[in-house]
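Undergrad: model_30.pdb is reproduced in full below (PDB, C-alpha atoms).
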```pdb
MODEL        1
ATOM      1  CA  MET A   1    -115.825  77.429  37.888
ATOM      2  CA  ASP A   2    -114.952  81.107  37.375
ATOM      3  CA  GLN A   3    -112.903  82.209  34.370
ATOM      4  CA  GLN A   4    -109.901  83.235  36.481
ATOM      5  CA  THR A   5    -109.603  79.751  38.008
ATOM      6  CA  ILE A   6    -109.970  78.270  34.522
ATOM      7  CA  PHE A   7    -107.163  80.524  33.278
ATOM      8  CA  LEU A   8    -104.868  79.482  36.135
ATOM      9  CA  THR A   9    -105.687  75.834  35.393
ATOM     10  CA  ILE A  10    -104.668  76.463  31.771
ATOM     11  CA  ILE A  11    -101.316  77.883  32.965
ATOM     12  CA  GLY A  12    -100.806  74.690  35.002
ATOM     13  CA  MET A  13    -101.730  72.580  31.960
ATOM     14  CA  MET A  14     -99.205  74.544  29.914
ATOM     15  CA  ALA A  15     -96.414  73.830  32.396
ATOM     16  CA  VAL A  16     -97.035  70.075  32.602
ATOM     17  CA  THR A  17     -97.343  69.857  28.804
ATOM     18  CA  TYR A  18     -94.304  71.957  27.948
ATOM     19  CA  ILE A  19     -91.764  70.352  30.288
ATOM     20  CA  PRO A  20     -91.944  66.845  28.712
ATOM     21  CA  ARG A  21     -91.722  68.462  25.271
ATOM     22  CA  LEU A  22     -88.704  70.587  26.163
ATOM     23  CA  LEU A  23     -86.438  68.533  28.444
ATOM     24  CA  PRO A  24     -85.281  65.827  25.991
ATOM     25  CA  THR A  25     -84.177  68.439  23.427
ATOM     26  CA  TRP A  26     -82.070  70.208  26.053
ATOM     27  CA  LEU A  27     -80.657  67.113  27.705
ATOM     28  CA  VAL A  28     -80.214  64.579  24.937
ATOM     29  CA  SER A  29     -76.532  65.323  24.295
ATOM     30  CA  SER A  30     -75.550  64.731  27.916
ATOM     31  CA  TRP A  31     -78.168  62.218  28.945
ATOM     32  CA  THR A  32     -80.245  59.407  27.429
ATOM     33  CA  LEU A  33     -83.388  57.850  28.859
ATOM     34  CA  PRO A  34     -82.837  54.640  30.858
ATOM     35  CA  SER A  35     -84.107  51.697  28.777
ATOM     36  CA  TRP A  36     -86.822  50.758  31.288
ATOM     37  CA  VAL A  37     -88.208  54.316  31.222
ATOM     38  CA  GLU A  38     -88.263  54.190  27.449
ATOM     39  CA  ALA A  39     -90.001  50.783  27.474
ATOM     40  CA  TRP A  40     -92.574  52.129  29.924
ATOM     41  CA  LEU A  41     -93.183  55.350  27.987
ATOM     42  CA  ARG A  42     -93.701  53.318  24.827
ATOM     43  CA  HIS A  43     -96.804  51.757  26.414
ATOM     44  CA  VAL A  44     -98.222  55.038  27.703
ATOM     45  CA  PRO A  45    -100.019  56.197  24.505
ATOM     46  CA  VAL A  46    -102.004  52.959  24.110
ATOM     47  CA  ALA A  47    -102.706  52.724  27.846
ATOM     48  CA  VAL A  48    -103.879  56.311  28.229
ATOM     49  CA  LEU A  49    -106.099  56.183  25.125
ATOM     50  CA  ALA A  50    -107.738  52.944  26.299
ATOM     51  CA  ALA A  51    -108.141  54.339  29.817
ATOM     52  CA  MET A  52    -110.056  57.286  28.362
ATOM     53  CA  LEU A  53    -111.954  55.426  25.630
ATOM     54  CA  PHE A  54    -113.580  52.638  27.650
ATOM     55  CA  PRO A  55    -115.271  54.894  30.244
ATOM     56  CA  SER A  56    -116.286  57.369  27.515
ATOM     57  CA  ILE A  57    -118.485  54.723  25.870
ATOM     58  CA  LEU A  58    -119.295  52.376  28.779
ATOM     59  CA  ILE A  59    -120.198  54.918  31.475
ATOM     60  CA  ARG A  60    -123.423  56.761  30.643
ATOM     61  CA  SER A  61    -124.916  59.250  33.116
ATOM     62  CA  GLU A  62    -122.334  58.123  35.710
ATOM     63  CA  GLN A  63    -123.596  54.505  35.424
ATOM     64  CA  PHE A  64    -121.921  51.410  33.927
ATOM     65  CA  ALA A  65    -123.943  50.675  30.756
ATOM     66  CA  LEU A  66    -123.024  47.485  28.887
ATOM     67  CA  THR A  67    -126.491  47.449  27.337
ATOM     68  CA  PRO A  68    -127.914  47.186  23.773
ATOM     69  CA  ASP A  69    -129.527  50.644  24.058
ATOM     70  CA  ASN A  70    -126.188  52.357  24.733
ATOM     71  CA  LEU A  71    -125.822  54.430  21.564
ATOM     72  CA  PHE A  72    -122.181  55.372  22.280
ATOM     73  CA  LEU A  73    -121.248  51.696  22.533
ATOM     74  CA  LEU A  74    -123.108  50.769  19.318
ATOM     75  CA  ALA A  75    -121.564  53.655  17.355
ATOM     76  CA  ALA A  76    -118.116  52.448  18.428
ATOM     77  CA  PHE A  77    -118.339  49.474  16.028
ATOM     78  CA  PRO A  78    -118.688  51.386  12.711
ATOM     79  CA  THR A  79    -116.164  53.973  13.984
ATOM     80  CA  LEU A  80    -113.677  51.221  14.798
ATOM     81  CA  LEU A  81    -114.185  49.581  11.418
ATOM     82  CA  VAL A  82    -113.565  52.851   9.551
ATOM     83  CA  ALA A  83    -110.514  53.642  11.689
ATOM     84  CA  TRP A  84    -109.077  50.190  11.039
ATOM     85  CA  LYS A  85    -109.732  50.205   7.277
ATOM     86  CA  SER A  86    -109.052  53.861   6.423
ATOM     87  CA  ARG A  87    -106.396  54.791   9.068
ATOM     88  CA  SER A  88    -107.981  58.253   8.919
ATOM     89  CA  LEU A  89    -108.606  60.214  12.120
ATOM     90  CA  PHE A  90    -110.962  62.644  10.452
ATOM     91  CA  GLY A  91    -112.921  59.944   8.545
ATOM     92  CA  SER A  92    -113.436  57.949  11.748
ATOM     93  CA  VAL A  93    -114.607  60.953  13.764
ATOM     94  CA  ILE A  94    -117.055  61.968  11.010
ATOM     95  CA  THR A  95    -118.412  58.395  10.861
ATOM     96  CA  GLY A  96    -118.984  58.315  14.612
ATOM     97  CA  ILE A  97    -120.700  61.705  14.664
ATOM     98  CA  ILE A  98    -122.993  60.861  11.726
ATOM     99  CA  VAL A  99    -124.009  57.491  13.199
ATOM    100  CA  VAL A 100    -124.879  59.101  16.555
ATOM    101  CA  ALA A 101    -126.686  62.071  14.964
ATOM    102  CA  LEU A 102    -128.682  59.843  12.562
ATOM    103  CA  ALA A 103    -129.643  57.366  15.290
ATOM    104  CA  ARG A 104    -130.957  60.226  17.444
ATOM    105  CA  LEU A 105    -132.870  61.672  14.505
ATOM    106  CA  LEU A 106    -134.482  58.328  13.596
ATOM    107  CA  LEU A 107    -135.233  57.275  17.178
ATOM    108  CA  ALA A 108    -136.768  60.635  17.985
ATOM    109  CA  GLY A 109    -139.054  60.498  14.917
TER     110      GLY A 109
ATOM    111  CA  MET B   1     -82.713  87.061 -12.640
ATOM    112  CA  VAL B   2     -83.195  83.817 -10.757
ATOM    113  CA  ASP B   3     -86.622  83.448  -9.227
ATOM    114  CA  ARG B   4     -85.859  82.271  -5.685
ATOM    115  CA  GLN B   5     -88.539  81.089  -3.326
ATOM    116  CA  PRO B   6     -88.111  82.007   0.348
ATOM    117  CA  ALA B   7     -86.511  79.267   2.471
ATOM    118  CA  TRP B   8     -89.517  79.002   4.788
ATOM    119  CA  LEU B   9     -92.073  78.357   2.027
ATOM    120  CA  PRO B  10     -91.526  74.556   1.759
ATOM    121  CA  GLY B  11     -92.131  74.421   5.525
ATOM    122  CA  VAL B  12     -95.562  76.017   5.123
ATOM    123  CA  ILE B  13     -96.410  73.611   2.287
ATOM    124  CA  ARG B  14     -95.355  70.592   4.356
ATOM    125  CA  ALA B  15     -97.871  71.652   7.035
ATOM    126  CA  GLY B  16    -100.748  71.408   4.526
ATOM    127  CA  PRO B  17    -102.117  68.008   5.583
ATOM    128  CA  ILE B  18    -101.907  69.066   9.254
ATOM    129  CA  VAL B  19    -103.927  72.218   8.533
ATOM    130  CA  LEU B  20    -106.707  70.114   6.987
ATOM    131  CA  GLY B  21    -106.906  68.021  10.148
ATOM    132  CA  TYR B  22    -106.436  70.774  12.734
ATOM    133  CA  ILE B  23    -109.120  73.198  11.537
ATOM    134  CA  PRO B  24    -112.120  70.822  11.980
ATOM    135  CA  ILE B  25    -110.823  69.335  15.251
ATOM    136  CA  GLY B  26    -109.893  72.789  16.581
ATOM    137  CA  LEU B  27    -113.397  73.903  15.643
ATOM    138  CA  THR B  28    -114.889  71.013  17.615
ATOM    139  CA  PHE B  29    -112.723  71.949  20.591
ATOM    140  CA  GLY B  30    -113.958  75.551  20.343
ATOM    141  CA  VAL B  31    -117.602  74.458  20.366
ATOM    142  CA  LEU B  32    -117.130  71.987  23.242
ATOM    143  CA  ALA B  33    -115.032  74.417  25.310
ATOM    144  CA  GLN B  34    -117.828  76.947  25.090
ATOM    145  CA  GLN B  35    -120.404  74.320  26.091
ATOM    146  CA  ALA B  36    -118.154  73.419  29.038
ATOM    147  CA  GLY B  37    -118.321  77.014  30.300
ATOM    148  CA  LEU B  38    -114.973  78.395  29.093
ATOM    149  CA  SER B  39    -114.938  81.999  27.908
ATOM    150  CA  ALA B  40    -113.818  82.648  24.317
ATOM    151  CA  PHE B  41    -110.592  84.111  25.741
ATOM    152  CA  ASN B  42    -109.822  81.013  27.797
ATOM    153  CA  ALA B  43    -110.607  78.634  24.919
ATOM    154  CA  LEU B  44    -108.201  80.557  22.671
ATOM    155  CA  MET B  45    -105.574  80.739  25.441
ATOM    156  CA  MET B  46    -105.708  76.975  25.850
ATOM    157  CA  SER B  47    -105.045  76.517  22.120
ATOM    158  CA  LEU B  48    -102.206  79.065  22.260
ATOM    159  CA  LEU B  49    -100.530  77.987  25.511
ATOM    160  CA  VAL B  50    -101.254  74.271  25.907
ATOM    161  CA  TYR B  51    -101.615  73.321  22.221
ATOM    162  CA  ALA B  52    -102.201  69.590  22.603
ATOM    163  CA  GLY B  53    -105.372  68.364  20.893
ATOM    164  CA  SER B  54    -106.645  65.348  22.769
ATOM    165  CA  SER B  55    -105.706  66.758  26.186
ATOM    166  CA  GLN B  56    -107.606  69.979  25.403
ATOM    167  CA  LEU B  57    -110.763  68.068  24.440
ATOM    168  CA  ILE B  58    -110.443  65.957  27.582
ATOM    169  CA  ALA B  59    -109.935  69.071  29.700
ATOM    170  CA  ALA B  60    -113.094  70.594  28.178
ATOM    171  CA  GLY B  61    -114.946  67.443  29.252
ATOM    172  CA  LEU B  62    -113.493  67.681  32.771
ATOM    173  CA  PHE B  63    -114.318  71.396  33.104
ATOM    174  CA  ALA B  64    -117.904  70.533  32.081
ATOM    175  CA  THR B  65    -118.206  68.063  34.978
ATOM    176  CA  ASN B  66    -116.618  70.515  37.468
ATOM    177  CA  ALA B  67    -113.680  68.172  38.081
ATOM    178  CA  PRO B  68    -111.074  69.392  40.618
ATOM    179  CA  VAL B  69    -108.287  71.585  39.189
ATOM    180  CA  SER B  70    -105.622  69.149  40.431
ATOM    181  CA  SER B  71    -107.183  66.253  38.515
ATOM    182  CA  ILE B  72    -107.427  68.332  35.320
ATOM    183  CA  ILE B  73    -103.730  69.245  35.497
ATOM    184  CA  LEU B  74    -102.611  65.709  36.379
ATOM    185  CA  THR B  75    -104.730  64.165  33.625
ATOM    186  CA  THR B  76    -103.192  66.652  31.166
ATOM    187  CA  PHE B  77     -99.726  65.643  32.367
ATOM    188  CA  VAL B  78    -100.399  61.919  31.913
ATOM    189  CA  VAL B  79    -102.028  62.373  28.497
ATOM    190  CA  ASN B  80     -99.138  64.551  27.260
ATOM    191  CA  MET B  81     -96.297  62.573  28.834
ATOM    192  CA  ARG B  82     -95.831  60.736  25.523
ATOM    193  CA  HIS B  83     -94.232  63.923  24.117
ATOM    194  CA  ILE B  84     -91.030  62.915  25.963
ATOM    195  CA  LEU B  85     -90.634  60.145  23.400
ATOM    196  CA  LEU B  86     -91.317  62.380  20.407
ATOM    197  CA  SER B  87     -88.960  65.039  21.710
ATOM    198  CA  ALA B  88     -86.203  62.513  22.476
ATOM    199  CA  ALA B  89     -86.575  61.075  18.961
ATOM    200  CA  VAL B  90     -86.039  64.389  17.124
ATOM    201  CA  ALA B  91     -83.486  65.855  19.570
ATOM    202  CA  PRO B  92     -80.388  64.127  18.070
ATOM    203  CA  PHE B  93     -81.003  65.913  14.752
ATOM    204  CA  LEU B  94     -81.067  69.318  16.428
ATOM    205  CA  LYS B  95     -77.866  69.130  18.489
ATOM    206  CA  ARG B  96     -76.393  72.248  16.866
ATOM    207  CA  TRP B  97     -79.404  74.432  17.658
ATOM    208  CA  ARG B  98     -79.286  77.008  20.452
ATOM    209  CA  LYS B  99     -81.240  76.344  23.657
ATOM    210  CA  SER B 100     -83.622  79.221  22.924
ATOM    211  CA  GLU B 101     -84.316  77.799  19.454
ATOM    212  CA  LEU B 102     -84.951  74.347  20.926
ATOM    213  CA  ALA B 103     -87.279  75.924  23.493
ATOM    214  CA  ALA B 104     -89.332  77.516  20.719
ATOM    215  CA  PHE B 105     -89.317  74.322  18.638
ATOM    216  CA  ALA B 106     -90.381  72.090  21.570
ATOM    217  CA  PHE B 107     -93.339  74.330  22.421
ATOM    218  CA  GLN B 108     -94.985  73.442  19.103
ATOM    219  CA  LEU B 109     -94.078  69.753  18.982
ATOM    220  CA  THR B 110     -97.248  67.692  18.465
ATOM    221  CA  ASP B 111     -97.900  64.158  17.202
ATOM    222  CA  GLU B 112     -98.564  65.551  13.738
ATOM    223  CA  THR B 113     -95.646  68.005  13.448
ATOM    224  CA  PHE B 114     -93.430  65.227  14.825
ATOM    225  CA  ALA B 115     -94.557  62.926  12.004
ATOM    226  CA  ILE B 116     -93.699  65.571   9.384
ATOM    227  CA  HIS B 117     -90.337  66.491  10.953
ATOM    228  CA  SER B 118     -89.103  62.978  11.618
ATOM    229  CA  ALA B 119     -89.831  61.978   8.020
ATOM    230  CA  GLN B 120     -87.914  65.050   6.846
ATOM    231  CA  PHE B 121     -84.995  64.965   9.318
ATOM    232  CA  SER B 122     -84.004  61.412   8.432
ATOM    233  CA  SER B 123     -82.898  62.630   4.983
ATOM    234  CA  GLU B 124     -81.722  66.147   5.921
ATOM    235  CA  VAL B 125     -82.534  68.790   8.533
ATOM    236  CA  PRO B 126     -84.072  71.648   6.551
ATOM    237  CA  ASP B 127     -83.470  75.346   7.059
ATOM    238  CA  LYS B 128     -84.516  76.506  10.547
ATOM    239  CA  GLY B 129     -86.966  78.950   9.007
ATOM    240  CA  ALA B 130     -88.710  76.099   7.196
ATOM    241  CA  VAL B 131     -88.903  73.973  10.355
ATOM    242  CA  PHE B 132     -90.461  76.844  12.285
ATOM    243  CA  ALA B 133     -92.767  77.670   9.356
ATOM    244  CA  THR B 134     -94.255  74.144   9.561
ATOM    245  CA  ASN B 135     -94.803  74.519  13.314
ATOM    246  CA  VAL B 136     -96.254  78.021  13.175
ATOM    247  CA  THR B 137     -98.585  77.154  10.272
ATOM    248  CA  ALA B 138     -99.873  74.103  12.150
ATOM    249  CA  GLN B 139    -100.552  76.029  15.367
ATOM    250  CA  ALA B 140    -102.129  78.902  13.411
ATOM    251  CA  ALA B 141    -104.566  76.345  11.931
ATOM    252  CA  TRP B 142    -105.319  74.967  15.412
ATOM    253  CA  VAL B 143    -105.958  78.422  16.889
ATOM    254  CA  SER B 144    -108.033  79.502  13.852
ATOM    255  CA  GLY B 145    -110.117  76.334  14.151
ATOM    256  CA  THR B 146    -110.666  77.081  17.846
ATOM    257  CA  TRP B 147    -111.707  80.637  17.026
ATOM    258  CA  LEU B 148    -114.191  79.377  14.406
ATOM    259  CA  GLY B 149    -115.594  76.919  16.943
ATOM    260  CA  VAL B 150    -115.963  79.582  19.619
ATOM    261  CA  THR B 151    -117.702  81.861  17.112
ATOM    262  CA  LEU B 152    -120.047  79.172  15.782
ATOM    263  CA  GLY B 153    -120.578  77.779  19.277
ATOM    264  CA  GLN B 154    -122.602  80.837  20.217
ATOM    265  CA  PHE B 155    -125.300  79.680  17.789
ATOM    266  CA  ILE B 156    -125.293  76.048  18.923
ATOM    267  CA  THR B 157    -127.502  75.558  21.955
ATOM    268  CA  ASP B 158    -127.374  71.743  22.006
ATOM    269  CA  VAL B 159    -124.540  69.662  20.553
ATOM    270  CA  LYS B 160    -126.477  66.391  20.826
ATOM    271  CA  PRO B 161    -128.519  66.539  17.567
ATOM    272  CA  LEU B 162    -125.216  67.144  15.732
ATOM    273  CA  GLY B 163    -123.549  64.185  17.451
ATOM    274  CA  LEU B 164    -120.726  66.476  18.630
ATOM    275  CA  ASP B 165    -120.723  64.825  22.056
ATOM    276  CA  TYR B 166    -119.349  61.763  20.244
ATOM    277  CA  VAL B 167    -116.242  63.527  18.855
ATOM    278  CA  LEU B 168    -114.066  62.583  21.794
ATOM    279  CA  PRO B 169    -114.971  58.841  21.969
ATOM    280  CA  ALA B 170    -114.592  58.596  18.164
ATOM    281  CA  MET B 171    -111.209  60.325  18.348
ATOM    282  CA  PHE B 172    -110.035  57.950  21.081
ATOM    283  CA  ILE B 173    -111.091  54.952  18.953
ATOM    284  CA  ALA B 174    -109.213  56.226  15.885
ATOM    285  CA  LEU B 175    -106.068  57.267  17.806
ATOM    286  CA  LEU B 176    -106.007  53.930  19.616
ATOM    287  CA  ILE B 177    -106.364  51.931  16.388
ATOM    288  CA  LEU B 178    -103.585  53.999  14.785
ATOM    289  CA  GLN B 179    -101.296  53.349  17.786
ATOM    290  CA  ILE B 180    -101.769  49.590  17.993
ATOM    291  CA  LYS B 181     -99.086  47.676  16.131
ATOM    292  CA  ASP B 182     -98.839  44.310  17.896
ATOM    293  CA  ARG B 183    -100.656  41.837  20.142
ATOM    294  CA  VAL B 184     -99.045  43.042  23.359
ATOM    295  CA  GLN B 185    -100.556  46.471  22.720
ATOM    296  CA  ILE B 186    -104.018  44.964  22.144
ATOM    297  CA  GLY B 187    -103.685  43.230  25.517
ATOM    298  CA  VAL B 188    -102.515  46.421  27.223
ATOM    299  CA  ALA B 189    -105.426  48.364  25.681
ATOM    300  CA  LEU B 190    -108.100  45.871  26.746
ATOM    301  CA  ILE B 191    -106.809  45.421  30.296
ATOM    302  CA  THR B 192    -106.211  49.158  30.859
ATOM    303  CA  GLY B 193    -109.650  50.013  29.457
ATOM    304  CA  VAL B 194    -111.465  47.507  31.682
ATOM    305  CA  LEU B 195    -109.389  48.629  34.672
ATOM    306  CA  SER B 196    -110.294  52.261  34.026
ATOM    307  CA  VAL B 197    -114.027  51.454  33.954
ATOM    308  CA  ALA B 198    -113.717  49.259  37.052
ATOM    309  CA  LEU B 199    -111.897  51.999  38.980
ATOM    310  CA  PHE B 200    -114.571  54.516  38.017
ATOM    311  CA  VAL B 201    -117.365  52.174  39.132
ATOM    312  CA  ALA B 202    -115.430  51.500  42.360
ATOM    313  CA  GLY B 203    -115.631  55.228  43.081
ATOM    314  CA  VAL B 204    -112.182  56.726  42.492
ATOM    315  CA  GLY B 205    -113.877  59.450  40.423
ATOM    316  CA  ARG B 206    -111.858  61.226  37.731
ATOM    317  CA  TRP B 207    -108.580  59.652  38.883
ATOM    318  CA  ASN B 208    -109.449  56.412  37.075
ATOM    319  CA  VAL B 209    -107.634  57.487  33.871
ATOM    320  CA  ILE B 210    -104.340  58.245  35.616
ATOM    321  CA  VAL B 211    -104.300  55.165  37.842
ATOM    322  CA  ALA B 212    -105.330  52.801  35.015
ATOM    323  CA  THR B 213    -102.705  54.304  32.654
ATOM    324  CA  LEU B 214     -99.862  53.932  35.158
ATOM    325  CA  LEU B 215    -100.869  50.328  35.941
ATOM    326  CA  GLY B 216    -101.497  49.480  32.260
ATOM    327  CA  ALA B 217     -98.133  50.794  31.024
ATOM    328  CA  THR B 218     -96.349  48.920  33.833
ATOM    329  CA  LEU B 219     -98.201  45.765  32.841
ATOM    330  CA  GLY B 220     -97.039  46.308  29.256
ATOM    331  CA  VAL B 221     -93.401  46.360  30.381
ATOM    332  CA  ILE B 222     -93.965  43.157  32.378
ATOM    333  CA  ILE B 223     -95.533  41.424  29.343
ATOM    334  CA  ASP B 224     -92.571  42.597  27.223
ATOM    335  CA  LEU B 225     -90.057  41.142  29.683
ATOM    336  CA  TRP B 226     -92.007  37.928  30.017
ATOM    337  CA  THR B 227     -92.434  37.324  26.251
ATOM    338  CA  ASN B 228     -88.770  38.222  25.584
ATOM    339  CA  ARG B 229     -87.638  35.683  28.167
ATOM    340  CA  ARG B 230     -89.863  32.986  26.721
ATOM    341  CA  SER B 231     -88.744  33.610  23.148
ATOM    342  CA  SER B 232     -85.027  33.781  23.986
TER     343      SER B 232
ENDMDL
END
```
In structure tokens, write the structure found in this file.

TA:
Amino acid sequence: MDQQTIFLTIIGMMAVTYIPRLLPTWLVSSWTLPSWVEAWLRHVPVAVLAAMLFPSILIRSEQFALTPDNLFLLAAFPTLLVAWKSRSLFGSVITGIIVVALARLLLAG
Amino acid sequence: MVDRQPAWLPGVIRAGPIVLGYIPIGLTFGVLAQQAGLSAFNALMMSLLVYAGSSQLIAAGLFATNAPVSSIILTTFVVNMRHILLSAAVAPFLKRWRKSELAAFAFQLTDETFAIHSAQFSSEVPDKGAVFATNVTAQAAWVSGTWLGVTLGQFITDVKPLGLDYVLPAMFIALLILQIKDRVQIGVALITGVLSVALFVAGVGRWNVIVATLLGATLGVIIDLWTNRRSS
């Protein structure tokens, strides 16, 4: 993709990101969200994170890989444990990276 | 002489914890954006104009796989839709602000600045300068992190030995764990995740995230209604 197309895509991303951030602050005095919309939006963060997480560890090289040699799947367990115990985004990410980097180092040697 | 500190200074200090988180993650974004084929200018523009962490990392991943522009923009929309809730939650505290001030405030509303502001607003809404100082400091950290990543990225030929290709999955795991507060949400997460993989395998391509999210959130509402009816 050329850099100009990428830039235009970024402008589009800006628009779709900014509008949901802006509208409630402008409209809240005259308008409140219908309760079903609010109930639905409350489930969006969990749903969207799961929808991105599962393929990111279960699809390897475009193939479904529920196998014991799938490093991304194996590294998910210590990462999950640290996330659950520490509640730290940074600590969990560091754990995941180190596990993956170490496993590659040891398996390559 | 009374030694007075400027009104915006407490706002900068409140952004401290955010700065510590944004610099390393911004740096990772910078490195991955470069690997995905974005110029340094475009990587920095994304951090300046879009300014939404997970969606930027996802977009870098999509650019790397040459995904269609429409799917990148729609995925960004779905991932960032949750800001409606954050914005609606802080809006009642800012009713006296001018529209232009709200427009500037909303542009820099992230999960993390929301957490700082909502904790603060419930006791008192601080000076406008301090509120903006928190936001500007946070975004400055994000953009600086990106710049560092873009600069360092030129020396990194392969991210795999550093495990940097695992940043995004690890971030999803942590964000998901931090979001989950009850059993309904665990159910929604598992079903949506499996659905997303199944849709990908079935060949819907990069649309799997959007379709699975819309179905999963709807399912969550249905489970809510169903469990409320049973318990009442």

Undergrad: Compile the residues of chain A that lie within 7 Å of chain B, evaluated using all atoms listed in the file, and express the compilation as an NGL selection string.

TA: :A and (1 or 3 or 7 or 9-10 or 12-14 or 16-18 or 20-22 or 24-26 or 28 or 39-41 or 43-57 or 64 or 79-80 or 83-84 or 87 or 89-90 or 92-93 or 96-98 or 100-101 or 104)

Undergrad: What is the distance, in Å and to one decimal place, between CA of Glu62 (chain A) and CA of Phe155 (chain B)?

TA: 28.2 Å

Undergrad: Once you add 8 Å to each side, what are the centre and edge lengths of the axis-aligned box holding all listed atoms of region 88-107 of chain A? One decimal in Å, as AutoDock Vina command-line options, if you can.

TA:
```
--center_x -121.6 --center_y 60.0 --center_z 13.0 --size_x 43.3 --size_y 21.4 --size_z 24.9
```

Undergrad: Go ahead and compute the interatomic distance for CA of Ser122 (chain B) and CA of Gln139 (chain B), in Å to one decimal.

TA: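 Separating CA of Ser122 (chain B) from CA of Gln139 (chain B) is a distance of 23.1 Å.
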
Undergrad: Mind giving me the straight-line distance from CA of Ala108 (chain A) to CA of Leu62 (chain B) in Å, one decimal?

TA: 28.5 Å
